[in-house]
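Single-structure report; data block below.
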Amino acid sequence: MLTDEVKLHIKAGHGGAGKVCFSTIPRNMGPTGGNGGHGGSVYLEGVSDLAALRQYRYKKDFFAEDGIRGGEANREGRKGEDLILKVPIGTMVRARLTNADQMEHDPQEGGTFQGVHEGGLPSKLSARKLGGGLHGGITEKEFEVTKVGERILIAKGGKGGKGNFMFRSSRNPSPMIAQPGLPGEEFDADFELRIIADIGLIGLPNAGKSSLLNELTKAGARVANYPFTTLEPNLGVYYPSAILKASDEEQKKATPIIIADIPGLIEGASAGKGLGFKFLRHIERTKVVIHCVAADSVDISAGYKAVRGELSKYDKLLAAKESYIFLTKSDLADAATLKKHMTALKRFKKPVLTVSIHNQEQLGEVKKLLDRMS
Ligand SMILES: Nc1nc2c(ncn2[C@@H]2O[C@H](COP(=O)(O)OP(=O)(O)OP(=O)(O)O)[C@@H](O)[C@H]2O)c(=O)[nH]1
Ligand SMILES: [Mg+2]
């Protein structure tokens, strides 16, 4: 099964403590305690592998390394290693700070905590303020990873403490103090994958959605003559004809169309029947919905309405998206039946296309439609 939801506990590294020590060179007994290294931070990195959340099914705690304490001779402690969590693009993360109490104020700087979250929270969708304190009291944040290779800071490592060298002054040439280093941010985070696709294929089970995806892309989705063959979303990449004819250079610049095929929907899906409902979130962000209706259906209008009904129950915005109806498996119905079906479907005021995976001409029309969308 596609892992599309995980809950993780994420902790950035604690800052290393500053050092208290003095030079041993005779007559130069000044302070030489170095600063502690900053704690490692935790980042999210977008990857194209849809199944990347799978690695978080069992291990739930992810800690970046603590900073190393400061050394003698004013040597700064090493910074803790950052931790990179790879997540599929389309992953939304809601993170709640769990150590807000430790973060309330900076004991080292009298309440200011400069250097943390400089420049704001990257790629955040929203950040909720809960009272005062650190980071202006932001204790809940939402992120979305949308690009391959994109890195987003989720938990900032704690600052390293200053060593006693930093506290020397004319009034106190031999300070006996150093800072302990600050805790890193710690979050409980909910990860949820919402596939980013351009087109979503929906319809009753067995309507021929995966077969069509396979004709248009190299998805290689499982196809079989029974309902609920597709148990998890499939993604395929369609290359518009113009891209295929273009030069290598032009091809690199062109953006292909991502098509998502989700498990079949049935009436009552919104009440938990079948499989498809929970997967609708994966097509929430598509631009276009293609609704497949099989030409060998007994009652074509009822089947169409059942799926549309579930779509509206899930999300009115999803139902309002640009939609097309594909009358699939057209080779299984005779001309008179097809004509009747077309008349019935046209009442729903959406463009209708007749499709069979065994009819190259009809597949050509589908490709032309997709080409116009690219
Ligand atoms: N004759 C004919 N059969 C088709 C066509 N498209 C799909 N089929 C067959 O219909 C059956 C179901 O196809 P799938 O592509 O698995 O259907 P699906 O909509 O993905 O089904 P679920 O994953 O269960 O929702 C398979 O046996 C396909 O070979 C078509 O255009 N013509
Ligand atoms: Mg399928």
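We label chains A, B, ... in the order they appear in the structure tokens, count residues from 1 in each chain, and number ligands from 1 in the order shown.
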Q | At most 7 Å from ligand 1 (only C-alpha atoms and all ligand atoms): residue list as a PyMOL selection string | A | chain A and resi 203-212+222-231+263-264+328-332+355-358
Q: Fewer than 2 positions away in the same chain doesn't count, so skip those; otherwise give me all residues within 8 Å of region 17-30 of chain A, counting only C-alpha atoms, as a count of residues only.
A: 27
(Q) Restricting the calculation to only C-alpha atoms: of A:Lys305, A:Lys287, A:His341, A:Arg347, which residue gets closest to Ser374 (chain A)? (A)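 Answer, going by the shortest atom-to-atom distance: A:Lys287.
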Q. Pick from A:Leu235, A:Leu317, A:Met92, A:Met373: nearest to ligand 2, with only C-alpha atoms and all ligand atoms counted?
A. A:Leu235
(Q) Please extract the residues of region 27-249 of chain A with a backbone DSSP assignment of strand (DSSP E or B) and present them as a count of residues only. (A) 60
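The residue that comes closest to ligand 2, out of A:Ala100, A:Val42, A:Ala219, A:Ala333 and on the basis of only C-alpha atoms and all ligand atoms, is A:Ala219.
Using only C-alpha atoms, the contacts of Leu353 (chain A) at a cut-off of 7 Å, with sequence neighbours closer than 3 positions omitted, comprise Ile325, Phe326 and Leu327 of chain A.
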Since we have the selection now, will you write its residues out, keeping N, CA, C and O atoms, as a PDB file, in the first residue's frame?
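File result.pdb, as written:
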ATOM      1  N   ILE A 325     -15.917  13.998 -19.897  1.00  0.00           N
ATOM      2  CA  ILE A 325     -16.441  12.644 -19.761  1.00  0.00           C
ATOM      3  C   ILE A 325     -15.848  11.796 -20.877  1.00  0.00           C
ATOM      4  O   ILE A 325     -15.889  12.196 -22.045  1.00  0.00           O
ATOM      5  N   PHE A 326     -15.282  10.658 -20.513  1.00  0.00           N
ATOM      6  CA  PHE A 326     -14.793   9.718 -21.518  1.00  0.00           C
ATOM      7  C   PHE A 326     -15.708   8.505 -21.508  1.00  0.00           C
ATOM      8  O   PHE A 326     -15.830   7.836 -20.464  1.00  0.00           O
ATOM      9  N   LEU A 327     -16.311   8.238 -22.640  1.00  0.00           N
ATOM     10  CA  LEU A 327     -17.130   7.036 -22.779  1.00  0.00           C
ATOM     11  C   LEU A 327     -16.158   5.926 -23.190  1.00  0.00           C
ATOM     12  O   LEU A 327     -15.801   5.790 -24.360  1.00  0.00           O
TER      13      LEU A 327
END
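A straight line drawn from CA of Val47 (chain A) to CA of Ile89 (chain A) is 5.8 Å long.
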